[in-house]
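Enquirer: Structure file model08.txt (compact mmCIF, C-alpha atoms) right here:
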```txt
# COMPACT_ATOMS: atom_id res chain seq x y z
CA MET Y 1 3.90 -21.60 -5.38
CA LYS Y 2 5.18 -19.14 -7.95
CA VAL Y 3 4.62 -15.55 -6.90
CA TRP Y 4 1.99 -13.79 -8.96
CA ARG Y 5 1.59 -10.07 -9.37
CA PHE Y 6 -1.80 -8.48 -8.71
CA LEU Y 7 -3.23 -4.98 -8.99
CA GLY Y 8 -6.19 -3.68 -7.02
CA PHE Y 9 -8.05 -0.40 -7.70
CA ASP Y 10 -10.26 1.57 -5.37
CA ASP Y 11 -11.43 5.15 -5.26
CA GLY Y 12 -11.74 7.87 -2.66
CA PHE Y 13 -13.69 11.03 -3.14
CA GLY Y 14 -14.66 14.15 -1.29
CA PHE Y 15 -16.76 17.10 -2.46
CA ASP Y 16 -14.97 18.02 -5.64
CA LYS Y 17 -12.05 15.65 -6.15
CA ALA Y 18 -11.85 11.90 -6.65
CA TYR Y 19 -8.77 9.72 -6.51
CA LEU Y 20 -8.15 6.41 -8.18
CA VAL Y 21 -5.63 4.38 -6.21
CA GLY Y 22 -3.94 1.22 -7.46
CA CYS Y 23 -1.90 -1.10 -5.27
CA VAL Y 24 0.46 -3.68 -6.79
CA THR Y 25 1.36 -6.80 -4.84
CA ALA Y 26 3.48 -9.86 -5.53
CA GLY Y 27 1.26 -12.42 -3.86
CA THR Y 28 0.39 -10.49 -0.73
CA TYR Y 29 3.63 -8.45 -0.62
CA VAL Y 30 3.15 -4.74 -1.37
CA GLU Y 31 5.33 -3.64 -4.29
CA GLY Y 32 4.02 -0.24 -5.27
CA PHE Y 33 1.18 2.18 -5.84
CA MET Y 34 -0.42 4.22 -8.59
CA VAL Y 35 -2.47 7.35 -8.04
CA GLY Y 36 -4.65 9.16 -10.55
CA GLU Y 37 -7.65 11.45 -10.56
CA ILE Y 38 -11.10 10.69 -11.95
CA GLU Y 39 -14.31 12.66 -12.35
CA ILE Y 40 -17.18 12.22 -9.93
CA ASP Y 41 -20.08 10.62 -11.85
CA GLY Y 42 -17.91 10.90 -14.99
CA PHE Y 43 -16.98 8.41 -17.69
CA ASP Y 44 -13.19 8.39 -17.43
CA VAL Y 45 -12.38 5.61 -14.94
CA THR Y 46 -11.90 3.01 -17.72
CA ASP Y 47 -9.36 5.13 -19.60
CA ARG Y 48 -7.57 6.07 -16.39
CA ILE Y 49 -7.20 2.41 -15.33
CA ILE Y 50 -5.95 1.32 -18.77
CA GLU Y 51 -3.55 4.27 -18.85
CA LEU Y 52 -2.14 3.52 -15.38
CA VAL Y 53 -1.67 -0.17 -16.20
CA ARG Y 54 0.02 0.60 -19.53
CA LYS Y 55 2.34 3.26 -18.18
CA SER Y 56 3.26 0.98 -15.32
CA LYS Y 57 6.42 -1.02 -15.12
CA PHE Y 58 4.25 -3.74 -13.60
CA GLY Y 59 1.80 -4.04 -16.51
CA ILE Y 60 3.07 -6.96 -18.53
CA GLN Y 61 3.44 -9.34 -15.62
CA LEU Y 62 0.05 -8.86 -14.00
CA LYS Y 63 -2.00 -11.99 -13.36
CA CYS Y 64 -5.20 -10.20 -12.41
CA ILE Y 65 -6.69 -6.75 -11.90
CA PHE Y 66 -9.12 -6.52 -8.99
CA LEU Y 67 -11.67 -3.71 -8.85
CA ASP Y 68 -13.49 -2.71 -5.67
CA GLY Y 69 -16.93 -2.73 -7.25
CA ILE Y 70 -17.63 -1.61 -10.78
CA THR Y 71 -18.62 1.99 -9.97
CA PHE Y 72 -15.98 4.52 -8.96
CA ALA Y 73 -16.40 8.06 -7.63
CA GLY Y 74 -20.17 7.96 -7.58
CA PHE Y 75 -21.33 6.39 -10.82
CA ASN Y 76 -18.23 6.51 -12.97
CA VAL Y 77 -18.77 2.93 -14.19
CA ALA Y 78 -15.75 0.89 -15.33
CA ASP Y 79 -15.97 -0.87 -18.69
CA VAL Y 80 -14.46 -4.11 -17.50
CA VAL Y 81 -14.54 -5.78 -20.90
CA ARG Y 82 -12.49 -2.96 -22.43
CA ILE Y 83 -10.01 -3.00 -19.53
CA ASN Y 84 -9.50 -6.72 -20.13
CA GLU Y 85 -9.20 -6.32 -23.91
CA GLU Y 86 -6.79 -3.41 -23.82
CA THR Y 87 -4.53 -4.67 -21.02
CA GLY Y 88 -4.75 -8.39 -21.76
CA VAL Y 89 -5.17 -9.01 -18.03
CA PRO Y 90 -8.15 -10.80 -16.42
CA VAL Y 91 -10.37 -8.47 -14.39
CA VAL Y 92 -12.26 -9.49 -11.25
CA VAL Y 93 -14.81 -7.07 -9.80
CA VAL Y 94 -15.08 -7.70 -6.07
CA MET Y 95 -18.13 -6.86 -3.97
CA ARG Y 96 -18.90 -7.70 -0.36
CA ARG Y 97 -22.62 -7.88 -0.92
CA MET Y 98 -24.91 -8.81 -3.78
CA PRO Y 99 -25.47 -5.58 -5.71
CA ASP Y 100 -29.09 -4.43 -5.77
CA MET Y 101 -29.53 -3.83 -9.51
CA GLU Y 102 -32.93 -2.22 -9.09
CA ARG Y 103 -31.50 0.36 -6.69
CA ILE Y 104 -28.56 1.01 -9.00
CA ARG Y 105 -30.88 1.51 -11.96
CA ARG Y 106 -32.95 4.00 -10.00
CA ALA Y 107 -29.84 5.91 -8.88
CA LEU Y 108 -28.44 5.99 -12.41
CA ARG Y 109 -31.66 7.11 -14.05
CA ASN Y 110 -30.99 10.80 -13.43
CA LEU Y 111 -27.46 10.78 -14.82
CA GLU Y 112 -26.50 11.55 -18.39
CA GLY Y 113 -25.42 8.46 -20.29
CA PHE Y 114 -27.77 6.29 -18.25
CA GLU Y 115 -27.99 3.57 -20.94
CA GLU Y 116 -24.23 3.35 -21.35
CA ARG Y 117 -23.65 3.06 -17.62
CA ILE Y 118 -26.17 0.23 -17.32
CA ARG Y 119 -24.69 -1.45 -20.38
CA ARG Y 120 -21.24 -1.48 -18.78
CA ILE Y 121 -22.54 -3.08 -15.59
CA GLU Y 122 -24.35 -5.75 -17.60
CA ARG Y 123 -21.39 -6.44 -19.89
CA ALA Y 124 -19.31 -7.37 -16.86
CA GLY Y 125 -21.44 -10.49 -16.64
CA GLU Y 126 -23.33 -12.31 -13.95
CA VAL Y 127 -22.49 -11.83 -10.30
CA ARG Y 128 -21.16 -15.05 -8.82
CA ARG Y 129 -20.34 -16.15 -5.30
CA VAL Y 130 -16.64 -16.96 -5.08
CA GLU Y 131 -14.60 -17.39 -1.90
CA GLY Y 132 -17.23 -15.67 0.21
CA LEU Y 133 -17.28 -12.65 -2.10
CA PHE Y 134 -19.61 -11.53 -4.89
CA VAL Y 135 -17.64 -11.15 -8.11
CA GLN Y 136 -17.93 -10.41 -11.81
CA ILE Y 137 -15.21 -12.05 -13.87
CA VAL Y 138 -13.91 -11.05 -17.31
CA GLY Y 139 -10.99 -12.70 -19.06
CA CYS Y 140 -10.64 -15.89 -17.05
CA GLY Y 141 -12.68 -18.71 -15.61
CA GLU Y 142 -14.21 -18.97 -12.16
CA GLU Y 143 -11.59 -21.48 -11.00
CA GLU Y 144 -8.76 -19.17 -12.03
CA ALA Y 145 -10.43 -16.20 -10.33
CA LYS Y 146 -10.70 -18.29 -7.18
CA THR Y 147 -6.99 -19.08 -7.34
CA PHE Y 148 -6.12 -15.39 -7.78
CA ILE Y 149 -8.24 -14.39 -4.77
CA ARG Y 150 -6.70 -17.12 -2.62
CA ALA Y 151 -3.16 -16.19 -3.65
CA SER Y 152 -3.64 -12.51 -2.87
CA LYS Y 153 -5.44 -12.51 0.48
CA LEU Y 154 -3.89 -12.59 3.92
CA LYS Y 155 -6.55 -12.16 6.59
CA GLY Y 156 -10.24 -11.96 5.83
CA LYS Y 157 -11.66 -12.37 2.34
CA ILE Y 158 -10.41 -9.31 0.48
CA PRO Y 159 -7.31 -9.51 -1.77
CA GLU Y 160 -4.46 -7.45 -0.26
CA PRO Y 161 -4.02 -5.09 -3.25
CA LEU Y 162 -7.70 -4.16 -2.97
CA ARG Y 163 -7.73 -3.88 0.82
CA ILE Y 164 -4.64 -1.68 0.85
CA ALA Y 165 -5.73 0.47 -2.13
CA HIS Y 166 -8.91 1.11 -0.16
CA LEU Y 167 -6.96 2.18 2.94
CA VAL Y 168 -4.81 4.60 0.93
CA ALA Y 169 -7.77 6.07 -0.98
CA SER Y 170 -9.61 6.60 2.26
CA ALA Y 171 -6.61 8.35 3.87
CA LEU Y 172 -6.22 10.61 0.82
CA VAL Y 173 -9.74 11.91 1.30
CA HIS Y 174 -10.14 11.85 5.08
CA GLY Y 175 -6.51 12.28 6.21
CA GLU Y 176 -6.73 8.85 7.84
CA SER Y 177 -8.00 5.44 6.78
CA LYS Y 178 -11.53 4.89 7.96
CA ARG Y 179 -11.66 1.13 7.95
CA PHE Y 180 -8.86 -1.21 8.91
CA MET R 181 5.08 -13.08 19.81
CA LYS R 182 2.53 -10.45 20.70
CA VAL R 183 1.67 -8.24 17.72
CA TRP R 184 2.97 -4.71 18.08
CA ARG R 185 1.68 -1.67 16.28
CA PHE R 186 4.13 0.54 14.38
CA LEU R 187 3.89 3.80 12.45
CA GLY R 188 6.28 4.88 9.69
CA PHE R 189 6.45 8.38 8.16
CA ASP R 190 7.91 9.43 4.84
CA ASP R 191 7.46 12.42 2.58
CA GLY R 192 6.93 13.03 -1.10
CA PHE R 193 7.29 16.38 -2.76
CA GLY R 194 7.07 18.02 -6.14
CA PHE R 195 7.52 21.65 -7.10
CA ASP R 196 5.08 23.31 -4.75
CA LYS R 197 3.44 20.67 -2.62
CA ALA R 198 4.77 18.17 -0.10
CA TYR R 199 2.96 15.24 1.43
CA LEU R 200 3.58 13.55 4.73
CA VAL R 201 2.45 9.91 4.61
CA GLY R 202 2.13 7.66 7.63
CA CYS R 203 1.59 3.91 7.42
CA VAL R 204 0.36 1.92 10.42
CA THR R 205 1.15 -1.78 10.72
CA ALA R 206 0.46 -4.48 13.29
CA GLY R 207 3.77 -6.28 13.04
CA THR R 208 4.14 -6.30 9.25
CA TYR R 209 0.42 -6.29 8.47
CA VAL R 210 -0.85 -3.01 6.97
CA GLU R 211 -3.68 -1.54 9.03
CA GLY R 212 -4.07 2.00 7.78
CA PHE R 213 -2.64 5.25 6.49
CA MET R 214 -2.46 8.92 7.37
CA VAL R 215 -1.89 11.71 4.89
CA GLY R 216 -1.05 15.33 5.61
CA GLU R 217 0.67 18.26 3.94
CA ILE R 218 3.87 19.96 5.02
CA GLU R 219 5.86 22.96 3.82
CA ILE R 220 8.93 22.52 1.69
CA ASP R 221 11.94 23.67 3.76
CA GLY R 222 9.44 24.68 6.44
CA PHE R 223 9.27 24.05 10.17
CA ASP R 224 5.94 22.27 10.49
CA VAL R 225 6.74 18.56 10.13
CA THR R 226 7.05 18.06 13.92
CA ASP R 227 3.61 19.54 14.62
CA ARG R 228 2.06 17.65 11.72
CA ILE R 229 3.42 14.30 12.95
CA ILE R 230 2.30 14.93 16.55
CA GLU R 231 -1.12 16.04 15.29
CA LEU R 232 -1.57 12.96 13.07
CA VAL R 233 -0.54 10.60 15.86
CA ARG R 234 -2.84 12.28 18.41
CA LYS R 235 -5.86 12.44 16.14
CA SER R 236 -5.30 8.83 15.20
CA LYS R 237 -7.24 5.93 16.59
CA PHE R 238 -3.93 4.08 16.59
CA GLY R 239 -2.04 6.54 18.81
CA ILE R 240 -2.24 5.05 22.25
CA GLN R 241 -1.13 1.58 21.24
CA LEU R 242 1.93 2.44 19.17
CA LYS R 243 5.18 0.71 20.11
CA CYS R 244 7.42 2.82 17.90
CA ILE R 245 7.34 5.64 15.34
CA PHE R 246 9.83 5.21 12.50
CA LEU R 247 10.93 8.23 10.45
CA ASP R 248 12.57 7.93 7.03
CA GLY R 249 15.44 10.25 7.87
CA ILE R 250 15.08 13.31 10.05
CA THR R 251 14.56 15.85 7.24
CA PHE R 252 11.27 15.96 5.34
CA ALA R 253 10.32 17.91 2.22
CA GLY R 254 13.73 19.42 1.71
CA PHE R 255 14.99 20.61 5.09
CA ASN R 256 11.87 20.57 7.20
CA VAL R 257 13.70 18.95 10.14
CA ALA R 258 11.73 16.85 12.61
CA ASP R 259 12.18 17.57 16.32
CA VAL R 260 12.38 13.94 17.36
CA VAL R 261 12.69 14.71 21.06
CA ARG R 262 9.45 16.70 21.02
CA ILE R 263 7.65 13.99 19.02
CA ASN R 264 8.69 11.45 21.65
CA GLU R 265 7.73 13.73 24.56
CA GLU R 266 4.35 14.72 23.20
CA THR R 267 3.24 11.30 21.94
CA GLY R 268 4.94 9.17 24.60
CA VAL R 269 6.09 6.80 21.83
CA PRO R 270 9.75 5.89 21.11
CA VAL R 271 11.02 7.37 17.83
CA VAL R 272 13.59 5.70 15.58
CA VAL R 273 15.04 7.70 12.68
CA VAL R 274 16.07 5.26 9.95
CA MET R 275 18.74 5.97 7.33
CA ARG R 276 20.28 3.68 4.74
CA ARG R 277 23.62 5.46 4.82
CA MET R 278 25.66 7.37 7.35
CA PRO R 279 24.51 11.00 7.05
CA ASP R 280 27.25 13.39 5.95
CA MET R 281 26.88 16.10 8.61
CA GLU R 282 29.30 18.48 6.90
CA ARG R 283 27.25 18.37 3.70
CA ILE R 284 24.03 18.84 5.62
CA ARG R 285 25.48 21.84 7.45
CA ARG R 286 26.54 23.42 4.17
CA ALA R 287 23.11 22.83 2.62
CA LEU R 288 21.31 24.24 5.65
CA ARG R 289 23.49 27.34 5.93
CA ASN R 290 21.40 29.32 3.44
CA LEU R 291 18.08 28.58 5.08
CA GLU R 292 16.39 30.72 7.72
CA GLY R 293 16.49 29.14 11.15
CA PHE R 294 19.79 27.43 10.34
CA GLU R 295 20.74 27.09 14.03
CA GLU R 296 17.41 25.58 15.02
CA ARG R 297 17.54 23.03 12.19
CA ILE R 298 21.02 21.91 13.19
CA ARG R 299 20.01 21.81 16.85
CA ARG R 300 17.16 19.42 16.01
CA ILE R 301 19.43 17.05 14.13
CA GLU R 302 21.91 17.04 17.01
CA ARG R 303 19.22 16.58 19.68
CA ALA R 304 18.20 13.33 17.99
CA GLY R 305 21.47 11.90 19.28
CA GLU R 306 24.30 9.91 17.83
CA VAL R 307 23.86 7.86 14.70
CA ARG R 308 24.24 4.14 15.47
CA ARG R 309 24.45 1.07 13.34
CA VAL R 310 21.53 -1.24 14.11
CA GLU R 311 20.30 -4.19 12.01
CA GLY R 312 22.24 -3.01 8.97
CA LEU R 313 20.69 0.46 9.17
CA PHE R 314 21.89 3.80 10.50
CA VAL R 315 19.54 5.04 13.20
CA GLN R 316 18.96 7.77 15.75
CA ILE R 317 16.92 6.60 18.75
CA VAL R 318 14.87 8.68 21.17
CA GLY R 319 12.71 7.24 23.93
CA CYS R 320 14.03 3.71 24.10
CA GLY R 321 17.25 1.76 24.23
CA GLU R 322 19.21 0.28 21.35
CA GLU R 323 18.10 -3.25 22.16
CA GLU R 324 14.47 -2.24 22.11
CA ALA R 325 14.93 -0.37 18.82
CA LYS R 326 16.48 -3.50 17.38
CA THR R 327 13.48 -5.56 18.46
CA PHE R 328 11.08 -3.06 16.88
CA ILE R 329 12.95 -3.13 13.57
CA ARG R 330 13.03 -6.93 13.54
CA ALA R 331 9.34 -7.21 14.36
CA SER R 332 8.32 -4.82 11.58
CA LYS R 333 10.41 -5.93 8.62
CA LEU R 334 9.51 -8.56 6.05
CA LYS R 335 12.09 -8.62 3.26
CA GLY R 336 15.21 -6.48 3.25
CA LYS R 337 16.15 -4.21 6.13
CA ILE R 338 13.47 -1.54 6.13
CA PRO R 339 10.49 -1.73 8.50
CA GLU R 340 7.28 -2.32 6.51
CA PRO R 341 5.46 0.83 7.70
CA LEU R 342 8.40 2.91 6.45
CA ARG R 343 8.82 1.01 3.17
CA ILE R 344 5.13 1.23 2.35
CA ALA R 345 4.78 4.89 3.44
CA HIS R 346 7.62 5.60 1.02
CA LEU R 347 5.85 3.82 -1.85
CA VAL R 348 2.62 5.74 -1.25
CA ALA R 349 4.37 9.11 -0.92
CA SER R 350 6.24 8.47 -4.12
CA ALA R 351 3.05 7.55 -6.01
CA LEU R 352 1.31 10.68 -4.73
CA VAL R 353 3.97 12.83 -6.33
CA HIS R 354 4.89 10.84 -9.44
CA GLY R 355 1.64 8.97 -10.12
CA GLU R 356 3.49 5.73 -9.54
CA SER R 357 5.93 4.43 -6.92
CA LYS R 358 9.51 4.91 -8.04
CA ARG R 359 11.20 2.30 -5.91
CA PHE R 360 9.79 -1.09 -4.99
```
Can the structure from this file be put into structure tokens for me?
Expert:
Amino acid sequence: MKVWRFLGFDDGFGFDKAYLVGCVTAGTYVEGFMVGEIEIDGFDVTDRIIELVRKSKFGIQLKCIFLDGITFAGFNVADVVRINEETGVPVVVVMRRMPDMERIRRALRNLEGFEERIRRIERAGEVRRVEGLFVQIVGCGEEEAKTFIRASKLKGKIPEPLRIAHLVASALVHGESKRF
Amino acid sequence: MKVWRFLGFDDGFGFDKAYLVGCVTAGTYVEGFMVGEIEIDGFDVTDRIIELVRKSKFGIQLKCIFLDGITFAGFNVADVVRINEETGVPVVVVMRRMPDMERIRRALRNLEGFEERIRRIERAGEVRRVEGLFVQIVGCGEEEAKTFIRASKLKGKIPEPLRIAHLVASALVHGESKRF
């Protein structure tokens, strides 16, 4: 099979600082990383992701951008549709469990920009079960998303760029990865 | 072959801040990361490495610690013998080229603790050619070191924990990995 390039984003945050970590893989082979900062409960994760992808030498050849959930650093909600439009790359939001929308709504209610945050979650489309994961897909079909997940995972269900971005983000905040 | 656990350390530094990044692999499979800070041209890299290994859940099962060169963050020279003694794990210093000792001596001459820095480099022992790399080995034999390098590399010559630690350290400083 031809080797495809993937990018996975996860966040790590402590009391006052939040990191956005991207990991680029060719198939499952680690090629590089991107690190940026985002605001806790802010609105900047979408711009930061688009910026990192655009600045990147990897950008034009990406097959898929994986996000570890749609909310980063608290409730900094990614606008997945805009990420797809502005990068031209399909975006797959990956979750281990079915998100509890009622709980999310309740948590968001006290934050400024409540409506906009909810709108972004809804725009990302229905949550589907694909390859043992719960995903929202923008910019490609379910079959394609399935192929991307299969081509990027090694052990377990999680695509390598996402799994490794998570490990780095966790180490940035705690000094050592928490889950492995 | 039984899967062995390896740890690779590299540094990344900008104008005022230097990171020490450790990557843990089982064979070539990424299991986790460690991140710490060290002083540019300081003397603390040895303590930081020992500390990270001891605090780590991975510590007791490590087969080998790889270092990307013996100097970190400028001329913060690692005391490889002490790292080996205090962690009980073999240490292999990996270099792509034969180090130019005369140049290093000249560069070190202006730094405080010149003698101690030189002593540390010399204590790490002779530089040998192993698996297309230049290495200094403490705590195991050349054959063993060779086996560790073979078991931890995927493409190219560099052990995965070292290659990936380098990519993360580089992204921490520059926002994106420079080499991949």
Enquirer: Which value, in Å to one decimal, gives the distance between CA of Val257 in chain R and CA of Lys337 in chain R?
Expert: 23.6 Å
Enquirer: In Å to one decimal, how far is CA of Lys153 in chain Y from CA of Met34 in chain Y?
Expert: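 Distance between the two atoms: 19.7 Å.
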Enquirer: Write out as a list in words every residue belonging to chain Y that has an atom at most 7 Å from any atom of chain R, counting only C-alpha atoms.
Expert: Glu31, Gly32, Phe33, Met34, Val35, Gly36, Leu167, Val168, Ala171, Leu172, Gly175, Glu176, Ser177 and Phe180 of chain Y
Enquirer: Least-squares fit on all C-alpha atoms, paired in order: put chain R onto chain Y and return it as a CSV table (one decimal) with C-alpha atoms, in the coordinates of the input.
Expert:
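What landed in superposed_0.csv:
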```csv
chain,number,residue,atom,x,y,z
R,181,MET,CA,3.9,-21.6,-5.4
R,182,LYS,CA,5.2,-19.2,-8.0
R,183,VAL,CA,4.6,-15.6,-6.9
R,184,TRP,CA,2.0,-13.8,-9.0
R,185,ARG,CA,1.6,-10.1,-9.4
R,186,PHE,CA,-1.8,-8.5,-8.7
R,187,LEU,CA,-3.2,-5.0,-9.0
R,188,GLY,CA,-6.2,-3.7,-7.0
R,189,PHE,CA,-8.1,-0.4,-7.7
R,190,ASP,CA,-10.3,1.6,-5.4
R,191,ASP,CA,-11.4,5.2,-5.2
R,192,GLY,CA,-11.7,7.9,-2.6
R,193,PHE,CA,-13.7,11.0,-3.1
R,194,GLY,CA,-14.7,14.2,-1.3
R,195,PHE,CA,-16.8,17.1,-2.5
R,196,ASP,CA,-15.0,18.0,-5.7
R,197,LYS,CA,-12.1,15.7,-6.2
R,198,ALA,CA,-11.9,11.9,-6.6
R,199,TYR,CA,-8.8,9.7,-6.5
R,200,LEU,CA,-8.2,6.4,-8.2
R,201,VAL,CA,-5.6,4.4,-6.2
R,202,GLY,CA,-4.0,1.2,-7.5
R,203,CYS,CA,-1.9,-1.1,-5.3
R,204,VAL,CA,0.5,-3.7,-6.8
R,205,THR,CA,1.4,-6.8,-4.8
R,206,ALA,CA,3.5,-9.9,-5.5
R,207,GLY,CA,1.3,-12.4,-3.9
R,208,THR,CA,0.4,-10.5,-0.7
R,209,TYR,CA,3.6,-8.5,-0.6
R,210,VAL,CA,3.2,-4.7,-1.4
R,211,GLU,CA,5.3,-3.6,-4.3
R,212,GLY,CA,4.0,-0.3,-5.3
R,213,PHE,CA,1.2,2.2,-5.8
R,214,MET,CA,-0.4,4.2,-8.6
R,215,VAL,CA,-2.5,7.3,-8.0
R,216,GLY,CA,-4.7,9.2,-10.5
R,217,GLU,CA,-7.7,11.4,-10.6
R,218,ILE,CA,-11.1,10.7,-11.9
R,219,GLU,CA,-14.3,12.7,-12.4
R,220,ILE,CA,-17.2,12.2,-10.0
R,221,ASP,CA,-20.1,10.6,-11.9
R,222,GLY,CA,-17.9,10.9,-15.0
R,223,PHE,CA,-17.0,8.4,-17.7
R,224,ASP,CA,-13.2,8.4,-17.4
R,225,VAL,CA,-12.4,5.6,-14.9
R,226,THR,CA,-11.9,3.0,-17.7
R,227,ASP,CA,-9.4,5.1,-19.6
R,228,ARG,CA,-7.6,6.1,-16.4
R,229,ILE,CA,-7.2,2.4,-15.3
R,230,ILE,CA,-6.0,1.3,-18.8
R,231,GLU,CA,-3.6,4.3,-18.9
R,232,LEU,CA,-2.1,3.5,-15.4
R,233,VAL,CA,-1.7,-0.2,-16.2
R,234,ARG,CA,0.0,0.6,-19.5
R,235,LYS,CA,2.3,3.3,-18.2
R,236,SER,CA,3.2,1.0,-15.3
R,237,LYS,CA,6.4,-1.0,-15.1
R,238,PHE,CA,4.2,-3.8,-13.6
R,239,GLY,CA,1.8,-4.1,-16.6
R,240,ILE,CA,3.1,-7.0,-18.6
R,241,GLN,CA,3.4,-9.3,-15.6
R,242,LEU,CA,0.0,-8.9,-14.0
R,243,LYS,CA,-2.0,-12.0,-13.3
R,244,CYS,CA,-5.2,-10.2,-12.4
R,245,ILE,CA,-6.7,-6.7,-11.9
R,246,PHE,CA,-9.1,-6.5,-9.0
R,247,LEU,CA,-11.7,-3.7,-8.8
R,248,ASP,CA,-13.5,-2.7,-5.7
R,249,GLY,CA,-16.9,-2.7,-7.2
R,250,ILE,CA,-17.6,-1.6,-10.8
R,251,THR,CA,-18.6,2.0,-10.0
R,252,PHE,CA,-16.0,4.5,-8.9
R,253,ALA,CA,-16.4,8.1,-7.6
R,254,GLY,CA,-20.1,8.0,-7.6
R,255,PHE,CA,-21.3,6.4,-10.8
R,256,ASN,CA,-18.2,6.5,-13.0
R,257,VAL,CA,-18.8,2.9,-14.2
R,258,ALA,CA,-15.8,0.9,-15.3
R,259,ASP,CA,-16.0,-0.9,-18.7
R,260,VAL,CA,-14.5,-4.1,-17.5
R,261,VAL,CA,-14.5,-5.8,-20.9
R,262,ARG,CA,-12.5,-2.9,-22.4
R,263,ILE,CA,-10.0,-3.0,-19.5
R,264,ASN,CA,-9.5,-6.7,-20.1
R,265,GLU,CA,-9.2,-6.3,-23.9
R,266,GLU,CA,-6.8,-3.4,-23.8
R,267,THR,CA,-4.5,-4.7,-21.0
R,268,GLY,CA,-4.8,-8.4,-21.8
R,269,VAL,CA,-5.2,-9.0,-18.0
R,270,PRO,CA,-8.2,-10.8,-16.4
R,271,VAL,CA,-10.4,-8.5,-14.4
R,272,VAL,CA,-12.3,-9.5,-11.3
R,273,VAL,CA,-14.8,-7.1,-9.8
R,274,VAL,CA,-15.1,-7.7,-6.1
R,275,MET,CA,-18.1,-6.9,-3.9
R,276,ARG,CA,-18.9,-7.7,-0.3
R,277,ARG,CA,-22.6,-7.9,-0.9
R,278,MET,CA,-24.9,-8.8,-3.8
R,279,PRO,CA,-25.5,-5.6,-5.7
R,280,ASP,CA,-29.1,-4.4,-5.8
R,281,MET,CA,-29.5,-3.8,-9.5
R,282,GLU,CA,-33.0,-2.2,-9.1
R,283,ARG,CA,-31.5,0.4,-6.7
R,284,ILE,CA,-28.6,1.0,-9.0
R,285,ARG,CA,-30.9,1.5,-12.0
R,286,ARG,CA,-33.0,4.0,-10.0
R,287,ALA,CA,-29.9,5.9,-8.9
R,288,LEU,CA,-28.4,6.0,-12.4
R,289,ARG,CA,-31.7,7.1,-14.1
R,290,ASN,CA,-31.0,10.8,-13.4
R,291,LEU,CA,-27.5,10.8,-14.8
R,292,GLU,CA,-26.5,11.5,-18.4
R,293,GLY,CA,-25.4,8.4,-20.3
R,294,PHE,CA,-27.8,6.3,-18.2
R,295,GLU,CA,-28.0,3.6,-20.9
R,296,GLU,CA,-24.2,3.4,-21.4
R,297,ARG,CA,-23.6,3.1,-17.6
R,298,ILE,CA,-26.1,0.2,-17.3
R,299,ARG,CA,-24.7,-1.5,-20.4
R,300,ARG,CA,-21.2,-1.5,-18.8
R,301,ILE,CA,-22.5,-3.1,-15.6
R,302,GLU,CA,-24.3,-5.8,-17.6
R,303,ARG,CA,-21.4,-6.4,-19.9
R,304,ALA,CA,-19.3,-7.4,-16.8
R,305,GLY,CA,-21.5,-10.5,-16.6
R,306,GLU,CA,-23.3,-12.3,-14.0
R,307,VAL,CA,-22.5,-11.8,-10.3
R,308,ARG,CA,-21.2,-15.1,-8.8
R,309,ARG,CA,-20.3,-16.1,-5.3
R,310,VAL,CA,-16.6,-17.0,-5.1
R,311,GLU,CA,-14.6,-17.4,-1.9
R,312,GLY,CA,-17.2,-15.7,0.2
R,313,LEU,CA,-17.3,-12.7,-2.1
R,314,PHE,CA,-19.6,-11.5,-4.9
R,315,VAL,CA,-17.6,-11.2,-8.1
R,316,GLN,CA,-17.9,-10.4,-11.8
R,317,ILE,CA,-15.2,-12.0,-13.9
R,318,VAL,CA,-13.9,-11.0,-17.3
R,319,GLY,CA,-11.0,-12.7,-19.1
R,320,CYS,CA,-10.6,-15.9,-17.1
R,321,GLY,CA,-12.7,-18.7,-15.6
R,322,GLU,CA,-14.2,-19.0,-12.2
R,323,GLU,CA,-11.6,-21.5,-11.0
R,324,GLU,CA,-8.8,-19.2,-12.0
R,325,ALA,CA,-10.4,-16.2,-10.3
R,326,LYS,CA,-10.7,-18.3,-7.2
R,327,THR,CA,-7.0,-19.1,-7.3
R,328,PHE,CA,-6.1,-15.4,-7.8
R,329,ILE,CA,-8.2,-14.4,-4.8
R,330,ARG,CA,-6.7,-17.1,-2.6
R,331,ALA,CA,-3.2,-16.2,-3.6
R,332,SER,CA,-3.6,-12.5,-2.8
R,333,LYS,CA,-5.4,-12.5,0.5
R,334,LEU,CA,-3.9,-12.6,3.9
R,335,LYS,CA,-6.5,-12.2,6.6
R,336,GLY,CA,-10.2,-12.0,5.9
R,337,LYS,CA,-11.7,-12.4,2.4
R,338,ILE,CA,-10.4,-9.3,0.5
R,339,PRO,CA,-7.3,-9.5,-1.8
R,340,GLU,CA,-4.5,-7.5,-0.2
R,341,PRO,CA,-4.0,-5.1,-3.2
R,342,LEU,CA,-7.7,-4.2,-3.0
R,343,ARG,CA,-7.7,-3.9,0.8
R,344,ILE,CA,-4.6,-1.7,0.9
R,345,ALA,CA,-5.7,0.5,-2.1
R,346,HIS,CA,-8.9,1.1,-0.1
R,347,LEU,CA,-7.0,2.2,3.0
R,348,VAL,CA,-4.8,4.6,0.9
R,349,ALA,CA,-7.8,6.1,-1.0
R,350,SER,CA,-9.6,6.6,2.3
R,351,ALA,CA,-6.6,8.4,3.9
R,352,LEU,CA,-6.2,10.6,0.8
R,353,VAL,CA,-9.7,11.9,1.3
R,354,HIS,CA,-10.1,11.9,5.1
R,355,GLY,CA,-6.5,12.3,6.3
R,356,GLU,CA,-6.7,8.9,7.9
R,357,SER,CA,-8.0,5.4,6.8
R,358,LYS,CA,-11.5,4.9,7.9
R,359,ARG,CA,-11.7,1.1,7.9
R,360,PHE,CA,-8.8,-1.2,8.8
```
